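Text of my_file_32.tsv (TSV, C-alpha atoms and all ligand atoms) as supplied:
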```tsv
chain	number	residue	atom	x	y	z
P	1	MET	CA	18.76	64.39	-19.73
P	2	LYS	CA	18.54	62.53	-16.41
P	3	SER	CA	14.78	62.99	-16.19
P	4	LEU	CA	14.38	61.70	-19.79
P	5	LEU	CA	16.28	58.54	-18.90
P	6	PHE	CA	14.24	58.12	-15.75
P	7	SER	CA	10.91	58.45	-17.59
P	8	ARG	CA	12.10	55.88	-20.18
P	9	PHE	CA	13.00	53.53	-17.34
P	10	LEU	CA	9.55	54.00	-15.77
P	11	LEU	CA	7.92	53.23	-19.15
P	12	LEU	CA	9.91	50.02	-19.58
P	13	LEU	CA	9.57	48.77	-16.01
P	14	PRO	CA	6.03	47.26	-16.29
P	15	TRP	CA	7.05	45.35	-19.45
P	16	VAL	CA	10.14	43.93	-17.78
P	17	LEU	CA	8.00	42.81	-14.86
P	18	ILE	CA	5.48	41.12	-17.22
P	19	VAL	CA	8.27	39.21	-18.99
P	20	ILE	CA	9.67	38.02	-15.62
P	21	ILE	CA	6.22	36.82	-14.47
P	22	VAL	CA	5.53	34.95	-17.75
P	23	LEU	CA	8.93	33.22	-17.62
P	24	ASP	CA	8.29	32.21	-14.01
P	25	ILE	CA	4.86	30.67	-14.81
P	26	ASP	CA	6.35	28.74	-17.71
P	27	SER	CA	9.14	27.20	-15.65
P	28	SER	CA	6.64	25.94	-13.04
P	29	ARG	CA	4.98	23.87	-15.81
P	30	ALA	CA	8.09	21.83	-16.49
P	31	PRO	CA	7.44	18.04	-16.66
P	32	LEU	CA	7.59	16.19	-13.35
P	33	PRO	CA	10.32	13.68	-12.56
P	34	ALA	CA	9.03	10.09	-12.52
P	35	LEU	CA	9.64	9.46	-8.86
P	36	ALA	CA	8.54	12.86	-7.53
P	37	PRO	CA	6.19	12.62	-4.57
P	38	ARG	CA	2.62	12.66	-5.71
P	39	GLY	CA	-0.84	12.86	-4.28
P	40	GLY	CA	-2.72	15.52	-2.37
P	41	SER	CA	0.25	17.66	-1.45
P	42	ARG	CA	1.20	18.98	-4.90
P	43	PRO	CA	-0.56	22.23	-5.91
P	44	ALA	CA	-3.00	21.77	-8.80
P	45	ALA	CA	-1.25	24.41	-10.97
P	46	ALA	CA	1.98	22.39	-11.02
P	47	ARG	CA	0.33	19.22	-12.37
P	48	ALA	CA	0.53	18.33	-16.03
P	49	PRO	CA	-2.86	17.63	-17.64
P	50	PRO	CA	-3.92	13.96	-17.20
P	51	SER	CA	-3.38	13.08	-20.86
P	52	ARG	CA	0.27	14.22	-20.70
P	53	ARG	CA	1.04	12.48	-17.41
P	54	PRO	CA	3.04	9.33	-18.18
P	55	GLU	CA	1.52	7.62	-15.13
P	56	ALA	CA	-2.05	8.08	-16.43
P	57	ALA	CA	-1.90	4.79	-18.35
P	58	LEU	CA	-0.61	2.79	-15.37
P	59	PRO	CA	-2.94	0.39	-13.54
P	60	THR	CA	-3.71	1.64	-10.04
P	61	ILE	CA	-2.13	-0.36	-7.23
P	62	TYR	CA	-4.53	-0.81	-4.30
P	63	ALA	CA	-2.71	-1.66	-1.07
P	64	ILE	CA	-4.91	-3.03	1.72
P	65	THR	CA	-3.29	-2.50	5.12
P	66	PRO	CA	-4.88	-3.78	8.34
P	67	THR	CA	-3.65	-1.84	11.33
P	68	TYR	CA	-4.31	-1.77	15.07
P	69	SER	CA	-3.59	0.55	17.98
P	70	ARG	CA	-0.29	-0.04	19.81
P	71	PRO	CA	2.74	2.08	20.78
P	72	VAL	CA	4.53	1.47	17.46
P	73	GLN	CA	1.51	2.04	15.19
P	74	LYS	CA	2.35	5.56	14.07
P	75	ALA	CA	5.99	4.64	13.48
P	76	GLU	CA	4.93	1.68	11.29
P	77	LEU	CA	2.46	3.80	9.32
P	78	THR	CA	5.09	6.50	8.84
P	79	ARG	CA	7.56	4.02	7.33
P	80	LEU	CA	4.86	2.62	5.10
P	81	ALA	CA	3.66	6.03	3.88
P	82	ASN	CA	7.26	7.04	3.14
P	83	THR	CA	7.49	4.06	0.80
P	84	PHE	CA	4.03	4.34	-0.74
P	85	ARG	CA	4.44	8.08	-1.43
P	86	GLN	CA	7.17	7.23	-3.91
P	87	VAL	CA	4.97	4.87	-5.93
P	88	ALA	CA	2.95	6.27	-8.83
P	89	ARG	CA	-0.81	5.66	-8.82
P	90	LEU	CA	-0.99	3.88	-5.51
P	91	HIS	CA	-4.24	3.98	-3.54
P	92	TRP	CA	-3.86	3.06	0.11
P	93	ILE	CA	-6.78	1.31	1.80
P	94	LEU	CA	-6.03	1.56	5.49
P	95	VAL	CA	-8.37	-0.54	7.65
P	96	GLU	CA	-8.29	0.00	11.39
P	97	ASP	CA	-9.01	-2.92	13.68
P	98	ALA	CA	-11.31	-0.77	15.83
P	99	ALA	CA	-14.96	0.05	16.49
P	100	ALA	CA	-14.40	3.59	15.20
P	101	ARG	CA	-11.79	5.56	13.29
P	102	SER	CA	-9.15	6.73	15.75
P	103	GLU	CA	-8.01	10.35	15.90
P	104	LEU	CA	-4.39	9.30	15.54
P	105	VAL	CA	-4.92	7.44	12.26
P	106	SER	CA	-7.38	10.06	10.93
P	107	ARG	CA	-4.82	12.80	11.48
P	108	PHE	CA	-2.11	10.64	9.99
P	109	VAL	CA	-4.14	9.93	6.85
P	110	ALA	CA	-4.94	13.64	6.40
P	111	GLY	CA	-1.24	14.48	6.29
P	112	ALA	CA	0.04	11.35	4.55
P	113	GLY	CA	0.25	13.02	1.13
P	114	LEU	CA	-1.11	10.11	-0.89
P	115	PRO	CA	-4.56	8.91	-1.99
P	116	CYS	CA	-5.98	7.03	0.95
P	117	THR	CA	-9.27	5.43	2.03
P	118	HIS	CA	-9.65	5.06	5.77
P	119	LEU	CA	-11.95	2.24	6.92
P	120	HIS	CA	-12.50	0.48	10.22
P	121	VAL	CA	-13.94	-2.79	11.51
P	122	PRO	CA	-13.27	-4.42	14.88
P	123	THR	CA	-12.09	-8.01	15.19
P	124	PRO	CA	-14.68	-9.84	17.35
P	125	ARG	CA	-13.26	-10.50	20.85
P	126	ARG	CA	-13.47	-14.27	20.44
P	127	TYR	CA	-11.00	-14.12	17.54
P	128	LYS	CA	-8.40	-12.02	19.40
P	129	ARG	CA	-6.45	-15.01	20.65
P	130	PRO	CA	-2.90	-16.20	20.00
P	131	GLY	CA	-2.77	-18.80	17.27
P	132	LEU	CA	-5.81	-17.49	15.43
P	133	PRO	CA	-5.42	-15.67	12.10
P	134	ARG	CA	-5.16	-11.88	12.38
P	135	ALA	CA	-6.83	-9.12	10.37
P	136	THR	CA	-9.35	-11.34	8.54
P	137	GLU	CA	-12.22	-8.86	8.96
P	138	GLN	CA	-10.04	-5.90	8.00
P	139	ARG	CA	-8.81	-7.45	4.73
P	140	ASN	CA	-12.39	-8.39	3.87
P	141	ALA	CA	-13.53	-4.82	4.55
P	142	GLY	CA	-10.89	-3.61	2.08
P	143	LEU	CA	-12.09	-6.12	-0.52
P	144	ALA	CA	-15.73	-5.07	0.00
P	145	TRP	CA	-14.83	-1.40	-0.46
P	146	LEU	CA	-12.95	-2.17	-3.67
P	147	ARG	CA	-15.86	-4.17	-5.10
P	148	GLN	CA	-18.40	-1.56	-4.12
P	149	ARG	CA	-16.36	1.23	-5.71
P	150	HIS	CA	-16.14	-0.57	-9.04
P	151	GLN	CA	-19.59	-2.15	-8.97
P	152	HIS	CA	-21.26	0.33	-11.28
P	153	LEU	CA	-18.50	0.80	-13.79
P	154	PRO	CA	-19.04	-1.31	-16.93
P	155	LEU	CA	-15.31	-1.33	-17.64
P	156	PRO	CA	-13.30	-1.00	-14.44
P	157	GLN	CA	-10.06	0.92	-14.64
P	158	PRO	CA	-7.05	-1.41	-14.71
P	159	GLY	CA	-5.90	-2.15	-11.19
P	160	VAL	CA	-3.87	-4.48	-9.00
P	161	LEU	CA	-4.53	-5.36	-5.37
P	162	PHE	CA	-2.10	-6.52	-2.75
P	163	PHE	CA	-2.14	-6.99	1.02
P	164	ALA	CA	0.45	-4.82	2.74
P	165	ASP	CA	0.79	-5.51	6.46
P	166	ASP	CA	1.94	-2.44	8.35
P	167	ASP	CA	5.17	-3.93	9.71
P	168	ASN	CA	6.70	-5.40	6.55
P	169	THR	CA	9.43	-3.79	4.43
P	170	TYR	CA	8.74	-3.11	0.75
P	171	SER	CA	11.26	-2.22	-1.98
P	172	LEU	CA	10.13	0.18	-4.72
P	173	GLU	CA	11.00	-2.45	-7.32
P	174	LEU	CA	8.24	-4.67	-5.94
P	175	PHE	CA	5.62	-2.23	-7.20
P	176	GLN	CA	7.07	-2.20	-10.72
P	177	GLU	CA	6.87	-5.99	-10.71
P	178	MET	CA	3.30	-6.30	-9.43
P	179	ARG	CA	1.97	-3.53	-11.69
P	180	THR	CA	1.94	-5.89	-14.69
P	181	THR	CA	-0.13	-8.57	-12.93
P	182	ARG	CA	-2.67	-9.99	-15.38
P	183	LYS	CA	-4.48	-12.36	-13.00
P	184	VAL	CA	-2.47	-13.41	-9.95
P	185	SER	CA	1.28	-12.85	-9.59
P	186	VAL	CA	3.69	-14.28	-7.02
P	187	TRP	CA	7.24	-13.61	-5.78
P	188	PRO	CA	9.59	-14.55	-2.91
P	189	VAL	CA	9.25	-13.13	0.61
P	190	GLY	CA	12.26	-12.62	2.87
P	191	LEU	CA	12.55	-13.49	6.59
P	192	VAL	CA	9.49	-15.70	6.82
P	193	GLY	CA	8.45	-19.25	7.67
P	194	GLY	CA	11.49	-19.80	9.88
P	195	ARG	CA	13.81	-19.36	6.90
P	196	ARG	CA	15.80	-16.56	5.26
P	197	TYR	CA	13.17	-16.57	2.57
P	198	GLU	CA	10.34	-18.56	1.01
P	199	ARG	CA	9.71	-18.65	-2.71
P	200	PRO	CA	7.64	-20.22	-5.43
P	201	VAL	CA	9.77	-22.69	-7.41
P	202	VAL	CA	9.62	-21.88	-11.13
P	203	GLU	CA	10.37	-24.06	-14.14
P	204	ASN	CA	9.97	-22.88	-17.72
P	205	GLY	CA	8.17	-19.76	-16.52
P	206	LYS	CA	5.58	-21.71	-14.46
P	207	VAL	CA	5.22	-22.26	-10.72
P	208	VAL	CA	5.82	-25.96	-10.04
P	209	GLY	CA	6.28	-25.99	-6.26
P	210	TRP	CA	7.24	-24.09	-3.14
P	211	TYR	CA	10.51	-23.61	-1.31
P	212	THR	CA	9.27	-23.32	2.28
P	213	GLY	CA	10.13	-24.51	5.75
P	214	TRP	CA	6.56	-24.83	6.95
P	215	ARG	CA	3.70	-27.00	5.67
P	216	ALA	CA	4.86	-27.45	2.11
P	217	ASP	CA	1.61	-29.36	1.55
P	218	ARG	CA	-0.38	-26.11	1.44
P	219	PRO	CA	-1.85	-25.68	-2.07
P	220	PHE	CA	-0.32	-22.18	-2.14
P	221	ALA	CA	2.54	-22.18	0.36
P	222	ILE	CA	2.95	-18.42	0.30
P	223	ASP	CA	2.83	-15.48	2.72
P	224	MET	CA	0.31	-12.62	2.48
P	225	ALA	CA	3.13	-10.36	1.23
P	226	GLY	CA	3.98	-12.73	-1.64
P	227	PHE	CA	1.20	-12.17	-4.16
P	228	ALA	CA	-0.94	-9.61	-6.00
P	229	VAL	CA	-4.30	-9.99	-7.73
P	230	SER	CA	-5.71	-7.99	-10.63
P	231	LEU	CA	-8.81	-5.93	-9.95
P	232	GLN	CA	-10.53	-7.82	-12.78
P	233	VAL	CA	-10.10	-11.14	-10.89
P	234	ILE	CA	-11.35	-9.61	-7.62
P	235	LEU	CA	-14.48	-8.33	-9.38
P	236	SER	CA	-15.18	-11.53	-11.30
P	237	HIS	CA	-15.01	-13.57	-8.05
P	238	PRO	CA	-17.30	-11.47	-5.85
P	239	LYS	CA	-17.55	-14.13	-3.17
P	240	ALA	CA	-13.82	-14.66	-2.64
P	241	VAL	CA	-13.00	-13.55	0.92
P	242	PHE	CA	-10.82	-14.53	3.88
P	243	LYS	CA	-12.67	-17.09	5.97
P	244	ARG	CA	-12.73	-17.64	9.70
P	245	ARG	CA	-14.72	-20.85	9.56
P	246	GLY	CA	-12.83	-23.97	8.62
P	247	SER	CA	-9.60	-22.06	8.08
P	248	GLN	CA	-6.63	-23.55	9.90
P	249	PRO	CA	-3.92	-21.23	11.25
P	250	GLY	CA	-1.51	-20.18	8.51
P	251	MET	CA	-3.89	-21.26	5.76
P	252	GLN	CA	-5.47	-17.85	5.10
P	253	GLU	CA	-3.46	-17.10	1.98
P	254	SER	CA	-3.94	-20.58	0.56
P	255	ASP	CA	-7.68	-20.62	1.28
P	256	PHE	CA	-8.10	-17.23	-0.39
P	257	LEU	CA	-6.01	-18.03	-3.47
P	258	LYS	CA	-7.84	-21.35	-3.97
P	259	GLN	CA	-11.03	-19.36	-4.56
P	260	ILE	CA	-9.63	-17.26	-7.39
P	261	THR	CA	-6.87	-19.12	-9.22
P	262	THR	CA	-4.86	-22.30	-9.80
P	263	VAL	CA	-1.13	-22.93	-9.33
P	264	GLU	CA	-0.74	-23.38	-13.12
P	265	GLU	CA	-2.14	-19.90	-13.71
P	266	LEU	CA	0.25	-18.04	-11.39
P	267	GLU	CA	2.54	-15.42	-12.93
P	268	PRO	CA	6.06	-15.53	-11.42
P	269	LYS	CA	7.63	-12.10	-10.86
P	270	ALA	CA	11.00	-10.90	-9.53
P	271	ASN	CA	13.15	-12.64	-12.15
P	272	ASN	CA	11.32	-15.98	-12.03
P	273	CYS	CA	11.03	-15.73	-8.24
P	274	THR	CA	14.77	-15.46	-7.64
P	275	LYS	CA	14.83	-11.98	-6.03
P	276	VAL	CA	13.58	-10.92	-2.60
P	277	LEU	CA	11.81	-7.54	-2.89
P	278	VAL	CA	9.70	-7.70	0.28
P	279	TRP	CA	10.60	-8.73	3.82
P	280	HIS	CA	8.30	-10.06	6.51
P	281	THR	CA	9.99	-7.92	9.16
P	282	ARG	CA	8.45	-7.80	12.63
P	283	THR	CA	8.90	-4.94	15.02
P	284	GLU	CA	9.91	-5.98	18.51
P	285	LYS	CA	7.57	-5.13	21.34
P	286	VAL	CA	8.66	-1.78	22.82
P	287	ASN	CA	10.01	-1.54	26.31
P	288	LEU	CA	7.79	0.79	28.33
P	289	ALA	CA	9.01	-0.41	31.73
P	290	ASN	CA	9.83	3.13	32.82
P	291	GLU	CA	6.62	4.70	31.60
P	292	PRO	CA	4.89	6.31	34.63
P	293	LYS	CA	1.47	4.93	35.63
P	294	TYR	CA	-0.06	8.41	35.66
P	295	HIS	CA	0.63	11.23	33.26
P	296	LEU	CA	3.58	13.23	34.64
P	297	ASP	CA	4.66	15.41	31.74
P	298	THR	CA	3.38	18.95	31.34
P	299	VAL	CA	2.27	18.29	27.75
P	300	ASN	CA	0.35	15.52	26.02
P	301	ILE	CA	2.35	14.08	23.17
P	302	GLU	CA	1.13	11.68	20.51
P	303	ILE	CA	3.64	9.01	19.56
T	1	LIG	N1	-3.35	-6.65	12.88
T	1	LIG	C1	-4.63	-6.18	13.20
T	1	LIG	N2	-5.21	-6.56	14.38
T	1	LIG	C2	-4.58	-7.38	15.28
T	1	LIG	C3	-3.29	-7.87	14.95
T	1	LIG	C4	-2.72	-7.49	13.74
T	1	LIG	O1	-5.20	-5.42	12.41
T	1	LIG	O2	-5.16	-7.69	16.33
T	1	LIG	C5	-2.72	-6.24	11.61
T	1	LIG	C6	-1.29	-5.73	11.76
T	1	LIG	O3	-1.26	-4.35	11.97
T	1	LIG	C7	-0.66	-6.15	10.45
T	1	LIG	C8	-1.43	-7.42	10.07
T	1	LIG	O4	-2.64	-7.38	10.81
T	1	LIG	O5	-0.85	-5.17	9.45
T	1	LIG	C9	-0.66	-8.71	10.42
T	1	LIG	O6	-0.40	-8.75	11.80
T	1	LIG	P1	1.05	-9.09	12.39
T	1	LIG	O7	2.05	-8.25	11.69
T	1	LIG	O8	0.96	-9.01	13.89
T	1	LIG	O9	1.15	-10.60	11.93
T	1	LIG	P2	2.41	-11.49	11.55
T	1	LIG	O10	3.57	-10.61	11.27
T	1	LIG	O11	2.62	-12.34	12.75
T	1	LIG	O12	1.97	-12.25	10.36
T	2	MN	MN	3.74	-8.75	10.61
```

Written form, structure tokens:
Amino acid sequence: MKSLLFSRFLLLLPWVLIVIIVLDIDSSRAPLPALAPRGGSRPAAARAPPSRRPEAALPTIYAITPTYSRPVQKAELTRLANTFRQVARLHWILVEDAAARSELVSRFVAGAGLPCTHLHVPTPRRYKRPGLPRATEQRNAGLAWLRQRHQHLPLPQPGVLFFADDDNTYSLELFQEMRTTRKVSVWPVGLVGGRRYERPVVENGKVVGWYTGWRADRPFAIDMAGFAVSLQVILSHPKAVFKRRGSQPGMQESDFLKQITTVEELEPKANNCTKVLVWHTRTEKVNLANEPKYHLDTVNIEI
């Protein structure tokens, strides 16, 4: 009797195992939550097919970030990646201010867990002076890459570009707002221009002026973090770039926007420019007063 039961059990065992395996495969195909981390880190088997992915229809957000070597660089990039990783269809264009790609940033990009293009271009020495605009060459390198990538496509995929400095603070809501940019969209920026915030002044859904504490006479009195441009506009104005020549300090944004749009055309975001969703935070210079002149530790640690 016992041996009969045992042989029955042995017969059934493979079938039970098959059922368990099938159930397990099925549960791993469950739809993904909207804000789940995306990008390179998720195994291919767990991804829904592109047609079923709700994010497939979304315009890609291209974030151009100039960055340069300093003690806080990796900390800044880590904060930024932690934000960007939560945004669907975001492509990070990281441009190093350097003659070559650094090992630190290359390693960082490889483990960042989001789609990323790593470029580099050095700022000429004569432009590395206080009072001169920063990161002009790096933003232009990002623009050139974007244009080159879409050059041969008759109908470029929908996309939105914005300039994301590595030390600012970005809310996730900002990305929802900029995603619907048709040409050029604008919004307030916190902690900038010597005020709590600066913002475009909006009347009847149109930008009619600027609330700013500094040079209100600028045609577009706005910070780099305060606008986004559709990919279509970037491609249809192939010569629009950030200029060194003739550009006064603090006029970079205005000079660039003048080449691609008019104030009347601007699309106000963030509840008619009444909400701050990005902050022009600046990291204080670190105190390395006690750092030894020569390497004293027994290990070499990247910070
Ligand atoms: N940056 C750069 N090279 C430099 C100085 C700055 O690539 O020599 C980058 C920096 O990492 C940041 C952006 O340019 O992403 C703006 O620089 P910063 O934050 O110093 O400017 P501010 O906050 O004064 O506008
Ligand atoms: Mn900054």

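Where the distance criterion is 7 Å and the atoms used are only C-alpha atoms and all ligand atoms, the residues close to ligand LIG 1 (chain T) are Thr65, Pro66, Thr67, Tyr68, Glu96, Asp97, Lys128, Arg134, Ala135, Gln138, Ala164, Asp165, Asp166, Asp167, His280 and Arg282 of chain P.
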
Any chance you could tabulate, as a Markdown table, the residues of range 183-289 of chain P at most 12 Å from range 69-88 of chain P with each one's nearest atom pair and distance in Å to one decimal, using all atoms listed in the file, in chain and rising number order?
```
| residue | atom | partner | partner_atom | distance |
| --- | --- | --- | --- | --- |
| P:Val278 | CA | P:Thr83 | CA | 12.0 |
| P:Thr281 | CA | P:Glu76 | CA | 11.1 |
| P:Arg282 | CA | P:Glu76 | CA | 10.2 |
| P:Thr283 | CA | P:Val72 | CA | 8.1 |
| P:Glu284 | CA | P:Val72 | CA | 9.2 |
| P:Lys285 | CA | P:Val72 | CA | 8.2 |
| P:Val286 | CA | P:Pro71 | CA | 7.4 |
| P:Asn287 | CA | P:Pro71 | CA | 9.8 |
| P:Leu288 | CA | P:Pro71 | CA | 9.2 |
```

Sorted by chain and rising residue number, list the residues of range 115-135 of chain P at most 12 Å from range 102-111 of chain P (counting only C-alpha atoms), each with its closest atom pair and distance in Å to one decimal, as JSON lines.
```
{"residue": "P:Pro115", "atom": "CA", "partner": "P:Val109", "partner_atom": "CA", "distance": 8.9}
{"residue": "P:Cys116", "atom": "CA", "partner": "P:Val109", "partner_atom": "CA", "distance": 6.8}
{"residue": "P:Thr117", "atom": "CA", "partner": "P:Val109", "partner_atom": "CA", "distance": 8.4}
{"residue": "P:His118", "atom": "CA", "partner": "P:Val109", "partner_atom": "CA", "distance": 7.4}
{"residue": "P:Leu119", "atom": "CA", "partner": "P:Ser106", "partner_atom": "CA", "distance": 9.9}
{"residue": "P:His120", "atom": "CA", "partner": "P:Ser102", "partner_atom": "CA", "distance": 9.0}
{"residue": "P:Val121", "atom": "CA", "partner": "P:Ser102", "partner_atom": "CA", "distance": 11.5}
{"residue": "P:Pro122", "atom": "CA", "partner": "P:Ser102", "partner_atom": "CA", "distance": 11.9}
```

Given 6 Å on each side, where is the centre and what are the edge lengths in Å to one decimal of the axis-aligned box enclosing the listed atoms of range 97-114 of chain P, as JSON?
```
{"center_x": -7.4, "center_y": 5.8, "center_z": 7.8, "size_x": 27.2, "size_y": 29.4, "size_z": 29.4}
```

Query - Residues within 12 Å of range 139-147 of chain P, all atoms listed in the file, excluding chain neighbours under 6 positions, as an MDAnalysis selection string - result: chainID P and resid 60:67 91:97 116:123 133 153 156:157 159:165 224 229:244 252:253 256

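Nearest to ligand MN 2 (chain T) of all the residues P:Gly246, P:Pro158, P:Gly113, P:Gly193 is P:Gly193, based on only C-alpha atoms and all ligand atoms.
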
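For the atom pair formed by CA of Leu257 in chain P and CA of Arg182 in chain P, the distance is 14.8 Å, given to one decimal.
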
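Among the candidates P:Ala228, P:Leu296, P:Ile222, P:Val192, the one nearest to ligand MN 2 (chain T) when counting only C-alpha atoms and all ligand atoms is P:Val192.
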